[in-house]
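Data from work01.txt: compact mmCIF, C-alpha atoms
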# COMPACT_ATOMS: atom_id res chain seq x y z
CA MET J 19 -56.05 -129.82 -42.23
CA VAL J 20 -56.12 -128.83 -45.85
CA GLU J 21 -53.70 -129.85 -48.54
CA ILE J 22 -52.37 -126.86 -50.47
CA THR J 23 -52.17 -127.20 -54.23
CA HIS J 24 -49.53 -125.23 -56.11
CA LEU J 25 -50.66 -124.69 -59.69
CA GLN J 26 -48.02 -124.60 -62.39
CA PRO J 27 -49.12 -124.00 -65.98
CA LYS J 28 -47.63 -126.36 -68.56
CA GLU J 29 -47.20 -123.37 -70.80
CA LYS J 30 -46.34 -119.92 -69.50
CA LYS J 31 -47.94 -117.11 -71.42
CA GLY J 32 -47.95 -113.35 -71.01
CA LEU J 33 -51.56 -112.24 -70.88
CA ILE J 34 -53.28 -109.09 -72.05
CA LEU J 35 -55.83 -107.90 -69.51
CA VAL J 36 -58.29 -105.07 -69.88
CA ILE J 37 -60.07 -103.64 -66.84
CA THR J 38 -62.76 -101.20 -67.89
CA GLY J 39 -66.21 -99.90 -66.96
CA HIS J 40 -67.52 -96.97 -64.96
CA GLY J 41 -67.57 -98.64 -61.52
CA LYS J 42 -65.01 -98.36 -58.74
CA GLY J 43 -62.14 -100.86 -58.75
CA LYS J 44 -60.12 -100.67 -61.96
CA THR J 45 -56.88 -99.16 -60.67
CA THR J 46 -57.48 -100.92 -57.37
CA SER J 47 -57.67 -104.25 -59.15
CA ALA J 48 -54.42 -103.51 -61.00
CA LEU J 49 -52.81 -102.68 -57.64
CA GLY J 50 -53.97 -106.04 -56.34
CA LEU J 51 -52.23 -107.72 -59.26
CA ILE J 52 -49.01 -106.06 -58.09
CA LEU J 53 -49.32 -107.69 -54.68
CA ARG J 54 -50.08 -111.06 -56.27
CA ALA J 55 -47.27 -110.80 -58.83
CA CYS J 56 -44.77 -109.83 -56.13
CA GLY J 57 -45.57 -113.03 -54.30
CA HIS J 58 -44.46 -114.93 -57.39
CA GLY J 59 -41.25 -112.91 -57.68
CA LEU J 60 -42.32 -110.98 -60.78
CA GLN J 61 -40.96 -107.53 -61.58
CA VAL J 62 -43.68 -104.94 -62.01
CA ALA J 63 -44.01 -101.49 -63.50
CA MET J 64 -47.16 -99.38 -63.40
CA ILE J 65 -47.35 -96.27 -65.54
CA GLN J 66 -50.25 -93.98 -64.72
CA PHE J 67 -51.75 -91.85 -67.47
CA MET J 68 -53.39 -88.58 -66.38
CA LYS J 69 -52.71 -89.27 -62.72
CA GLY J 70 -50.16 -87.36 -60.69
CA ASP J 71 -52.03 -84.34 -59.35
CA LEU J 72 -53.96 -86.07 -56.58
CA TYR J 73 -52.21 -87.94 -53.81
CA ALA J 74 -53.19 -91.60 -53.59
CA GLY J 75 -52.28 -94.04 -50.81
CA GLU J 76 -50.84 -96.53 -53.30
CA TRP J 77 -47.96 -94.14 -54.01
CA ASP J 78 -46.69 -94.84 -50.50
CA GLY J 79 -48.15 -98.34 -50.24
CA ILE J 80 -45.94 -99.47 -53.11
CA LYS J 81 -42.85 -98.08 -51.40
CA MET J 82 -43.64 -100.32 -48.42
CA LEU J 83 -43.54 -103.38 -50.67
CA ASN J 84 -40.27 -105.21 -50.44
CA CYS J 85 -40.11 -106.27 -54.10
CA PRO J 86 -39.14 -104.70 -57.42
CA VAL J 87 -42.10 -102.45 -58.29
CA GLU J 88 -42.00 -99.12 -60.01
CA LEU J 89 -44.97 -96.74 -60.06
CA ILE J 90 -44.67 -93.73 -62.33
CA SER J 91 -47.42 -91.12 -62.49
CA THR J 92 -46.99 -89.10 -65.64
CA GLY J 93 -50.07 -86.94 -65.70
CA LYS J 94 -51.82 -83.90 -64.37
CA GLY J 95 -55.27 -85.24 -63.58
CA PHE J 96 -58.23 -86.14 -65.74
CA CYS J 97 -58.31 -84.08 -68.89
CA GLY J 98 -61.41 -81.98 -69.29
CA ILE J 99 -63.00 -82.64 -65.90
CA GLN J 100 -64.30 -79.76 -63.85
CA GLY J 101 -61.59 -77.98 -61.94
CA ASN J 102 -58.64 -79.37 -63.90
CA PRO J 103 -56.62 -76.29 -64.89
CA TYR J 104 -54.28 -77.83 -67.47
CA PRO J 105 -54.91 -77.47 -71.23
CA TYR J 106 -55.48 -80.44 -73.53
CA LYS J 107 -52.09 -79.92 -75.17
CA GLU J 108 -50.30 -80.45 -71.88
CA HIS J 109 -52.31 -83.58 -71.06
CA ARG J 110 -51.55 -84.93 -74.51
CA ALA J 111 -47.81 -84.24 -74.15
CA ASN J 112 -47.79 -86.06 -70.78
CA ALA J 113 -49.63 -89.04 -72.24
CA GLN J 114 -47.20 -89.17 -75.14
CA ASP J 115 -44.35 -89.29 -72.62
CA ALA J 116 -46.12 -92.18 -70.92
CA VAL J 117 -46.35 -94.10 -74.20
CA ARG J 118 -42.63 -93.66 -74.79
CA LEU J 119 -41.92 -94.83 -71.26
CA ALA J 120 -44.13 -97.88 -71.78
CA ARG J 121 -42.15 -98.78 -74.91
CA GLU J 122 -38.91 -98.43 -72.97
CA LYS J 123 -40.15 -100.65 -70.14
CA MET J 124 -41.32 -103.26 -72.64
CA SER J 125 -38.05 -103.41 -74.51
CA SER J 126 -35.92 -103.35 -71.34
CA GLY J 127 -36.59 -107.02 -70.69
CA GLN J 128 -36.76 -106.09 -66.99
CA VAL J 129 -40.52 -106.11 -66.56
CA ASP J 130 -42.76 -109.18 -66.16
CA LEU J 131 -45.96 -107.25 -65.57
CA LEU J 132 -46.57 -103.85 -67.12
CA ILE J 133 -49.66 -101.95 -66.06
CA LEU J 134 -50.81 -98.99 -68.13
CA ASP J 135 -53.23 -97.35 -65.73
CA GLU J 136 -55.96 -95.20 -67.35
CA ILE J 137 -54.64 -95.76 -70.87
CA ASN J 138 -58.13 -96.75 -72.09
CA ASN J 139 -59.45 -93.46 -70.84
CA ALA J 140 -56.47 -91.58 -72.32
CA LEU J 141 -57.26 -93.14 -75.70
CA HIS J 142 -60.93 -92.25 -75.38
CA LEU J 143 -59.94 -88.63 -74.64
CA LYS J 144 -57.55 -88.62 -77.64
CA LEU J 145 -54.45 -88.06 -75.51
CA VAL J 146 -53.00 -91.11 -77.26
CA ASP J 147 -53.96 -92.56 -80.64
CA LEU J 148 -55.46 -95.96 -81.32
CA ASP J 149 -52.46 -96.92 -83.45
CA GLN J 150 -50.12 -96.16 -80.57
CA VAL J 151 -52.03 -98.44 -78.24
CA LEU J 152 -52.26 -101.21 -80.82
CA ASP J 153 -48.52 -100.89 -81.49
CA LEU J 154 -47.82 -101.22 -77.77
CA ILE J 155 -49.94 -104.35 -77.59
CA LYS J 156 -48.25 -105.85 -80.64
CA ALA J 157 -44.79 -105.08 -79.21
CA LYS J 158 -45.54 -106.99 -76.00
CA PRO J 159 -42.91 -109.66 -75.29
CA PRO J 160 -44.61 -113.10 -75.27
CA LEU J 161 -44.04 -113.74 -71.56
CA MET J 162 -44.77 -110.24 -70.32
CA HIS J 163 -48.23 -109.55 -68.90
CA LEU J 164 -49.82 -106.30 -70.03
CA VAL J 165 -52.72 -104.70 -68.17
CA LEU J 166 -54.69 -101.79 -69.61
CA THR J 167 -57.08 -100.04 -67.25
CA GLY J 168 -59.55 -97.21 -67.64
CA ARG J 169 -63.15 -96.67 -68.60
CA ASP J 170 -64.39 -96.80 -72.19
CA ALA J 171 -61.88 -99.35 -73.49
CA HIS J 172 -61.69 -99.32 -77.28
CA PRO J 173 -63.33 -102.30 -79.06
CA ARG J 174 -60.09 -103.07 -80.93
CA VAL J 175 -58.23 -103.27 -77.62
CA ILE J 176 -60.89 -105.58 -76.18
CA GLU J 177 -60.58 -107.74 -79.28
CA LEU J 178 -56.84 -108.24 -78.72
CA ALA J 179 -57.12 -108.95 -74.98
CA ASP J 180 -57.21 -112.37 -73.34
CA THR J 181 -59.22 -111.35 -70.28
CA VAL J 182 -61.55 -108.38 -70.08
CA SER J 183 -63.50 -107.31 -66.99
CA GLU J 184 -66.06 -104.56 -67.04
CA ILE J 185 -66.76 -103.01 -63.66
CA GLN J 186 -70.24 -101.60 -63.39
CA GLU J 187 -71.30 -99.11 -60.78
CA ILE J 188 -74.29 -100.43 -58.88
CA LYS J 189 -73.85 -97.81 -56.16
CA HIS J 190 -71.21 -95.27 -55.19
CA ALA J 191 -70.87 -93.52 -51.84
CA TYR J 192 -70.27 -90.12 -53.43
CA ARG J 193 -73.77 -90.12 -54.90
CA GLN J 194 -75.01 -90.05 -51.28
CA GLY J 195 -72.79 -87.03 -50.65
CA ILE J 196 -70.12 -89.04 -48.84
CA GLU J 197 -66.68 -87.54 -49.45
CA PRO J 198 -63.80 -89.68 -50.76
CA GLN J 199 -62.24 -91.57 -47.85
CA PRO J 200 -58.48 -92.14 -47.51
CA GLY J 201 -57.41 -95.77 -48.01
CA ILE J 202 -60.56 -96.58 -49.97
CA ASP J 203 -61.16 -93.92 -52.58
CA TYR J 204 -57.62 -92.53 -52.81
CA MET F 9 -44.61 -79.36 -62.84
CA VAL F 10 -47.85 -80.41 -61.30
CA GLU F 11 -49.23 -79.37 -57.95
CA ILE F 12 -50.24 -82.34 -55.83
CA THR F 13 -53.55 -82.08 -53.98
CA HIS F 14 -53.98 -83.97 -50.72
CA LEU F 15 -57.65 -84.66 -50.14
CA GLN F 16 -58.90 -84.70 -46.58
CA PRO F 17 -62.57 -85.44 -45.94
CA LYS F 18 -64.28 -83.09 -43.51
CA GLU F 19 -65.99 -86.10 -42.04
CA LYS F 20 -64.30 -89.49 -41.78
CA LYS F 21 -66.64 -92.39 -42.31
CA GLY F 22 -66.12 -96.14 -42.40
CA LEU F 23 -67.59 -97.38 -45.68
CA ILE F 24 -69.27 -100.63 -46.60
CA LEU F 25 -68.08 -101.84 -49.99
CA VAL F 26 -69.40 -104.78 -51.96
CA ILE F 27 -67.41 -106.20 -54.88
CA THR F 28 -69.45 -108.76 -56.75
CA GLY F 29 -70.12 -110.18 -60.22
CA HIS F 30 -68.77 -113.12 -62.22
CA GLY F 31 -65.79 -111.39 -63.84
CA LYS F 32 -62.14 -111.49 -62.77
CA GLY F 33 -60.99 -108.89 -60.27
CA LYS F 34 -62.96 -109.07 -57.03
CA THR F 35 -60.31 -110.43 -54.66
CA THR F 36 -57.68 -108.60 -56.71
CA SER F 37 -59.48 -105.32 -56.17
CA ALA F 38 -59.67 -105.98 -52.43
CA LEU F 39 -55.92 -106.67 -52.46
CA GLY F 40 -55.40 -103.32 -54.15
CA LEU F 41 -57.30 -101.64 -51.35
CA ILE F 42 -54.78 -103.15 -48.94
CA LEU F 43 -51.92 -101.45 -50.78
CA ARG F 44 -53.81 -98.15 -50.82
CA ALA F 45 -54.83 -98.37 -47.16
CA CYS F 46 -51.28 -99.18 -46.11
CA GLY F 47 -50.12 -95.97 -47.73
CA HIS F 48 -52.45 -94.10 -45.39
CA GLY F 49 -51.22 -96.00 -42.35
CA LEU F 50 -54.39 -98.04 -41.86
CA GLN F 51 -54.36 -101.46 -40.20
CA VAL F 52 -55.85 -104.14 -42.39
CA ALA F 53 -57.19 -107.66 -41.94
CA MET F 54 -58.43 -109.88 -44.76
CA ILE F 55 -60.31 -113.04 -43.89
CA GLN F 56 -60.76 -115.43 -46.79
CA PHE F 57 -63.82 -117.67 -46.85
CA MET F 58 -63.44 -120.99 -48.72
CA LYS F 59 -59.88 -120.20 -49.77
CA GLY F 60 -56.87 -121.93 -48.35
CA ASP F 61 -56.38 -125.02 -50.52
CA LEU F 62 -54.83 -123.29 -53.54
CA TYR F 63 -51.63 -121.28 -53.26
CA ALA F 64 -52.02 -117.65 -54.33
CA GLY F 65 -49.23 -115.12 -54.82
CA GLU F 66 -50.90 -112.63 -52.48
CA TRP F 67 -50.17 -114.91 -49.52
CA ASP F 68 -46.50 -114.10 -49.96
CA GLY F 69 -47.04 -110.64 -51.48
CA ILE F 70 -48.68 -109.49 -48.26
CA LYS F 71 -45.73 -110.73 -46.21
CA MET F 72 -43.52 -108.43 -48.30
CA LEU F 73 -45.59 -105.43 -47.28
CA ASN F 74 -44.02 -103.49 -44.47
CA CYS F 75 -47.24 -102.50 -42.74
CA PRO F 76 -49.73 -104.12 -40.36
CA VAL F 77 -51.72 -106.49 -42.57
CA GLU F 78 -53.09 -109.86 -41.64
CA LEU F 79 -54.37 -112.35 -44.22
CA ILE F 80 -56.13 -115.41 -42.86
CA SER F 81 -57.41 -118.12 -45.18
CA THR F 82 -59.96 -120.19 -43.33
CA GLY F 83 -61.29 -122.49 -46.02
CA LYS F 84 -60.77 -125.57 -48.10
CA GLY F 85 -61.66 -124.36 -51.58
CA PHE F 86 -64.95 -123.62 -53.26
CA CYS F 87 -67.72 -125.76 -51.86
CA GLY F 88 -69.37 -128.00 -54.41
CA ILE F 89 -67.08 -127.34 -57.38
CA GLN F 90 -65.71 -130.23 -59.36
CA GLY F 91 -62.71 -131.86 -57.76
CA ASN F 92 -63.22 -130.36 -54.29
CA PRO F 93 -63.08 -133.38 -51.95
CA TYR F 94 -64.40 -131.78 -48.75
CA PRO F 95 -68.02 -132.28 -47.64
CA TYR F 96 -70.47 -129.39 -47.19
CA LYS F 97 -70.40 -129.82 -43.41
CA GLU F 98 -66.69 -129.13 -43.28
CA HIS F 99 -66.97 -126.05 -45.56
CA ARG F 100 -69.76 -124.76 -43.35
CA ALA F 101 -67.74 -125.30 -40.16
CA ASN F 102 -64.80 -123.40 -41.68
CA ALA F 103 -67.04 -120.52 -42.77
CA GLN F 104 -68.55 -120.37 -39.29
CA ASP F 105 -65.02 -120.08 -37.87
CA ALA F 106 -64.41 -117.22 -40.30
CA VAL F 107 -67.53 -115.38 -39.08
CA ARG F 108 -66.38 -115.71 -35.46
CA LEU F 109 -62.95 -114.42 -36.45
CA ALA F 110 -64.54 -111.47 -38.26
CA ARG F 111 -66.48 -110.57 -35.12
CA GLU F 112 -63.29 -110.75 -33.07
CA LYS F 113 -61.40 -108.50 -35.49
CA MET F 114 -64.26 -106.02 -35.48
CA SER F 115 -64.49 -105.78 -31.74
CA SER F 116 -60.70 -105.69 -31.24
CA GLY F 117 -60.55 -102.02 -32.22
CA GLN F 118 -57.28 -102.88 -34.00
CA VAL F 119 -58.57 -102.98 -37.57
CA ASP F 120 -59.32 -99.98 -39.81
CA LEU F 121 -60.15 -102.02 -42.90
CA LEU F 122 -61.67 -105.48 -42.66
CA ILE F 123 -62.02 -107.48 -45.87
CA LEU F 124 -64.27 -110.53 -45.90
CA ASP F 125 -63.14 -112.20 -49.10
CA GLU F 126 -65.72 -114.48 -50.77
CA ILE F 127 -68.29 -113.95 -48.03
CA ASN F 128 -70.98 -113.14 -50.63
CA ASN F 129 -70.33 -116.46 -52.28
CA ALA F 130 -70.24 -118.25 -48.91
CA LEU F 131 -73.68 -116.80 -48.14
CA HIS F 132 -75.00 -117.82 -51.55
CA LEU F 133 -73.76 -121.39 -50.89
CA LYS F 134 -75.37 -121.37 -47.42
CA LEU F 135 -72.07 -121.77 -45.57
CA VAL F 136 -73.10 -118.71 -43.59
CA ASP F 137 -76.61 -117.37 -42.98
CA LEU F 138 -78.02 -114.04 -44.10
CA ASP F 139 -78.64 -113.02 -40.47
CA GLN F 140 -74.99 -113.63 -39.66
CA VAL F 141 -73.83 -111.35 -42.46
CA LEU F 142 -76.36 -108.66 -41.58
CA ASP F 143 -75.29 -108.86 -37.93
CA LEU F 144 -71.65 -108.42 -38.98
CA ILE F 145 -72.57 -105.36 -41.03
CA LYS F 146 -74.61 -103.88 -38.17
CA ALA F 147 -71.74 -104.48 -35.71
CA LYS F 148 -69.29 -102.52 -37.86
CA PRO F 149 -67.59 -99.73 -35.89
CA PRO F 150 -68.47 -96.36 -37.49
CA LEU F 151 -64.91 -95.61 -38.66
CA MET F 152 -63.98 -99.11 -39.79
CA HIS F 153 -64.22 -99.89 -43.51
CA LEU F 154 -65.81 -103.23 -44.34
CA VAL F 155 -65.36 -104.89 -47.74
CA LEU F 156 -67.42 -107.90 -48.78
CA THR F 157 -66.31 -109.69 -51.93
CA GLY F 158 -67.65 -112.63 -53.90
CA ARG F 159 -70.10 -113.34 -56.66
CA ASP F 160 -73.87 -113.34 -56.17
CA ALA F 161 -74.01 -110.72 -53.42
CA HIS F 162 -77.32 -110.83 -51.55
CA PRO F 163 -79.75 -107.97 -52.30
CA ARG F 164 -80.02 -107.11 -48.58
CA VAL F 165 -76.23 -106.76 -48.40
CA ILE F 166 -76.22 -104.53 -51.48
CA GLU F 167 -78.94 -102.43 -49.86
CA LEU F 168 -76.79 -101.77 -46.78
CA ALA F 169 -73.59 -100.98 -48.73
CA ASP F 170 -72.30 -97.53 -49.62
CA THR F 171 -70.41 -98.55 -52.75
CA VAL F 172 -71.15 -101.61 -54.87
CA SER F 173 -69.22 -102.67 -57.96
CA GLU F 174 -70.29 -105.53 -60.16
CA ILE F 175 -67.52 -107.01 -62.27
CA GLN F 176 -68.78 -108.56 -65.45
CA GLU F 177 -66.81 -111.02 -67.51
CA ILE F 178 -66.50 -109.77 -71.07
CA LYS F 179 -63.76 -112.32 -71.84
CA HIS F 180 -61.62 -114.73 -69.83
CA ALA F 181 -58.40 -116.38 -71.00
CA TYR F 182 -59.42 -119.80 -69.65
CA ARG F 183 -62.29 -119.96 -72.13
CA GLN F 184 -59.60 -120.01 -74.84
CA GLY F 185 -57.93 -122.92 -73.06
CA ILE F 186 -55.21 -120.75 -71.53
CA GLU F 187 -54.16 -122.15 -68.16
CA PRO F 188 -54.14 -119.92 -65.04
CA GLN F 189 -50.93 -117.90 -64.98
CA PRO F 190 -48.96 -117.17 -61.78
CA GLY F 191 -49.07 -113.53 -60.71
CA ILE F 192 -52.25 -112.88 -62.66
CA ASP F 193 -54.75 -115.63 -61.97
CA TYR F 194 -53.34 -116.88 -58.65
Translate this structure into structure tokens?
Amino acid sequence: MVEITHLQPKEKKGLILVITGHGKGKTTSALGLILRACGHGLQVAMIQFMKGDLYAGEWDGIKMLNCPVELISTGKGFCGIQGNPYPYKEHRANAQDAVRLAREKMSSGQVDLLILDEINNALHLKLVDLDQVLDLIKAKPPLMHLVLTGRDAHPRVIELADTVSEIQEIKHAYRQGIEPQPGIDY
Amino acid sequence: MVEITHLQPKEKKGLILVITGHGKGKTTSALGLILRACGHGLQVAMIQFMKGDLYAGEWDGIKMLNCPVELISTGKGFCGIQGNPYPYKEHRANAQDAVRLAREKMSSGQVDLLILDEINNALHLKLVDLDQVLDLIKAKPPLMHLVLTGRDAHPRVIELADTVSEIQEIKHAYRQGIEPQPGIDY
């Protein structure tokens, strides 16, 4: 048999996490944090920038989770990519809504873990401004965890973070012509 | 309003994914896949190598998920790390049990997504043999997705995978003396 250790930090601290890079697994990793946080009884909100036009399994997966999680997709797909029909102005307006929502969630006192999915990418694409992201980070309540995902994280954001992971693509199925598969890629 | 696209691959294919590297987010990313897969109605099993001695939020998080997921932790902590009291022989025996269990799950026909958490690391530490891992990969049913996590993935495993992400550590809170926080680090 194995003895199970239950860790308990002497000091609780709300962390700032950045998950960036061009490889697969950034949003997925943030989704995994939801499952982990739920096990500890934390309240979670995930706000997705730019996402909302493409069905993803997590939208329903989260509804199957018997714990207080909110997932809000505010966007209309990745700005500027081939096939996306919406103009920059509309993407920017959606991202600005997402920033306001993030501020609301932060100041509500109801959220222990706030995930801003694709915000790094939204900043890179100028849908939000650096100052807005820095202001969000500075407004973080001390015990709230804040996770910022998306490729091309800004150096100033990385500087302020406690933990930063960069996911590199070594290989990706789509480069072999394999279509996105449900449950894995979306 | 935004029109929601539902992707549907012309050809369904069970993928082989490898999540490796020394940064935070490998197991977490695999947990996120569980949430995504559940949304698509897939049946999931996660077998954890070497884990089982340290409570993690996902153990309870998964129980809160109203879909067919099984999480089995077969181990006694990371072999050879400071403070781990169990001898190599015992770690190896546990990992061998995990391999047998993986074969059972594969041949049961009941699993759409099988996650072998930390198996790359277990191979690197010689708790399982390369041939065993290659045999597992070769025995994968065509429509089953197989995910292999853990640092130091073997080059032969990477070769056989469809998608490989390497998570690099840019920063980690513990290097600043911040203790592991519940819901984020465990």
Selection: 8 Å around stretch 120-136 of chain J, only C-alpha atoms, excl. self and same-chain fewer than 2 positions, as a ChimeraX atom specification: /J:45,48,55,60-68,116-118,138-140,154,157-159,161-169
Can you write out as CSV which residues of chain F fall within 6 Å of chain J, alongside each residue's closest atom pair and its distance in Å to one decimal, counting all atoms listed in the file and ordering rows by chain and ascending residue number?
residue,atom,partner,partner_atom,distance
F:Glu11,CA,J:Asp71,CA,5.9
F:Ile12,CA,J:Asp71,CA,4.4
F:Thr13,CA,J:Leu72,CA,4.8
F:His14,CA,J:Tyr73,CA,5.3
F:Pro17,CA,J:Glu197,CA,5.8
F:Gly31,CA,J:Ser183,CA,5.6
F:Gly33,CA,J:Ser47,CA,5.8
F:Thr36,CA,J:Gly50,CA,4.5
F:Ser37,CA,J:Ser47,CA,3.6
F:Leu39,CA,J:Gly50,CA,4.4
F:Gly40,CA,J:Gly50,CA,3.8
F:Leu43,CA,J:Gly79,CA,4.9
F:Arg44,CA,J:Glu76,CA,4.2
F:Ala45,CA,J:Gly201,CA,3.8
F:Cys46,CA,J:Gly79,CA,5.2
F:Gly47,CA,J:Gly79,CA,4.0
F:His48,CA,J:Gly75,CA,5.4
F:Asp61,CA,J:Ile22,CA,4.4
F:Leu62,CA,J:Thr23,CA,4.8
F:Tyr63,CA,J:His24,CA,5.3
F:Gly65,CA,J:Gly57,CA,4.2
F:Glu66,CA,J:Arg54,CA,4.2
F:Asp68,CA,J:Gly57,CA,4.6
F:Gly69,CA,J:Gly57,CA,4.0
F:Met72,CA,J:Asn84,CA,5.1
F:Leu73,CA,J:Leu83,CA,4.5
F:Asn74,CA,J:Met82,CA,5.1
F:Asp170,CA,J:Ala191,CA,4.8
F:Thr171,CA,J:His190,CA,4.2
F:Val172,CA,J:Lys189,CA,4.8
F:Ser173,CA,J:Glu187,CA,5.0
F:Glu174,CA,J:Gln186,CA,5.1
F:Ile175,CA,J:Ile185,CA,4.3
F:Gln176,CA,J:Glu184,CA,5.1
F:Glu177,CA,J:Ser183,CA,5.0
F:Ile178,CA,J:Val182,CA,5.2
F:Lys179,CA,J:Val182,CA,4.8
F:His180,CA,J:Thr181,CA,4.2
F:Ala181,CA,J:Asp180,CA,4.8
F:Glu187,CA,J:Pro27,CA,5.8
F:Gly191,CA,J:Ala55,CA,3.8
Contacts of F:Leu135 at 10 Å (only C-alpha atoms; same-chain gap of 4+ positions) as a ChimeraX atom specification: /F:57-58,87,96-104,127,129-131
Separation of atom CA of J:Lys156 from atom CA of J:Val87, in Å and rounded to one decimal: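 That distance, rounded to one decimal, is 23.4 Å.
Taking atom CA of J:Leu148 as the reference point, atom CA of J:Pro103 is found at 25.7 Å.
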Is there a way to complete stretch 74-87 of chain F with N, CA and C atoms and then write that out as a short mmCIF file (atom, residue, chain, number, x, y, z; two decimals), in the coordinates of the input?
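What follows is the written file selection-v4.cif:
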data_model
loop_
_atom_site.label_atom_id
_atom_site.label_comp_id
_atom_site.auth_asym_id
_atom_site.auth_seq_id
_atom_site.Cartn_x
_atom_site.Cartn_y
_atom_site.Cartn_z
N ASN F 74 -44.49 -103.95 -45.77
CA ASN F 74 -44.02 -103.49 -44.47
C ASN F 74 -45.06 -102.61 -43.79
N CYS F 75 -46.18 -103.22 -43.47
CA CYS F 75 -47.24 -102.50 -42.74
C CYS F 75 -48.16 -103.54 -42.11
N PRO F 76 -48.97 -103.12 -41.12
CA PRO F 76 -49.73 -104.12 -40.36
C PRO F 76 -50.92 -104.69 -41.13
N VAL F 77 -50.66 -105.80 -41.82
CA VAL F 77 -51.72 -106.49 -42.57
C VAL F 77 -51.75 -107.94 -42.13
N GLU F 78 -52.94 -108.46 -41.98
CA GLU F 78 -53.09 -109.86 -41.64
C GLU F 78 -53.97 -110.49 -42.72
N LEU F 79 -53.55 -111.62 -43.25
CA LEU F 79 -54.37 -112.35 -44.22
C LEU F 79 -54.58 -113.75 -43.67
N ILE F 80 -55.83 -114.10 -43.44
CA ILE F 80 -56.13 -115.41 -42.86
C ILE F 80 -57.07 -116.16 -43.80
N SER F 81 -56.60 -117.29 -44.28
CA SER F 81 -57.41 -118.12 -45.18
C SER F 81 -58.00 -119.25 -44.35
N THR F 82 -59.31 -119.27 -44.27
CA THR F 82 -59.96 -120.19 -43.33
C THR F 82 -60.54 -121.43 -44.00
N GLY F 83 -60.48 -121.49 -45.33
CA GLY F 83 -61.29 -122.49 -46.02
C GLY F 83 -60.53 -123.62 -46.67
N LYS F 84 -61.29 -124.38 -47.43
CA LYS F 84 -60.77 -125.57 -48.10
C LYS F 84 -61.22 -125.59 -49.56
N GLY F 85 -61.27 -124.41 -50.17
CA GLY F 85 -61.66 -124.36 -51.58
C GLY F 85 -63.15 -124.14 -51.74
N PHE F 86 -63.56 -123.95 -52.99
CA PHE F 86 -64.95 -123.62 -53.26
C PHE F 86 -65.84 -124.84 -53.08
N CYS F 87 -66.79 -124.69 -52.21
CA CYS F 87 -67.72 -125.76 -51.86
C CYS F 87 -68.52 -126.19 -53.09
#
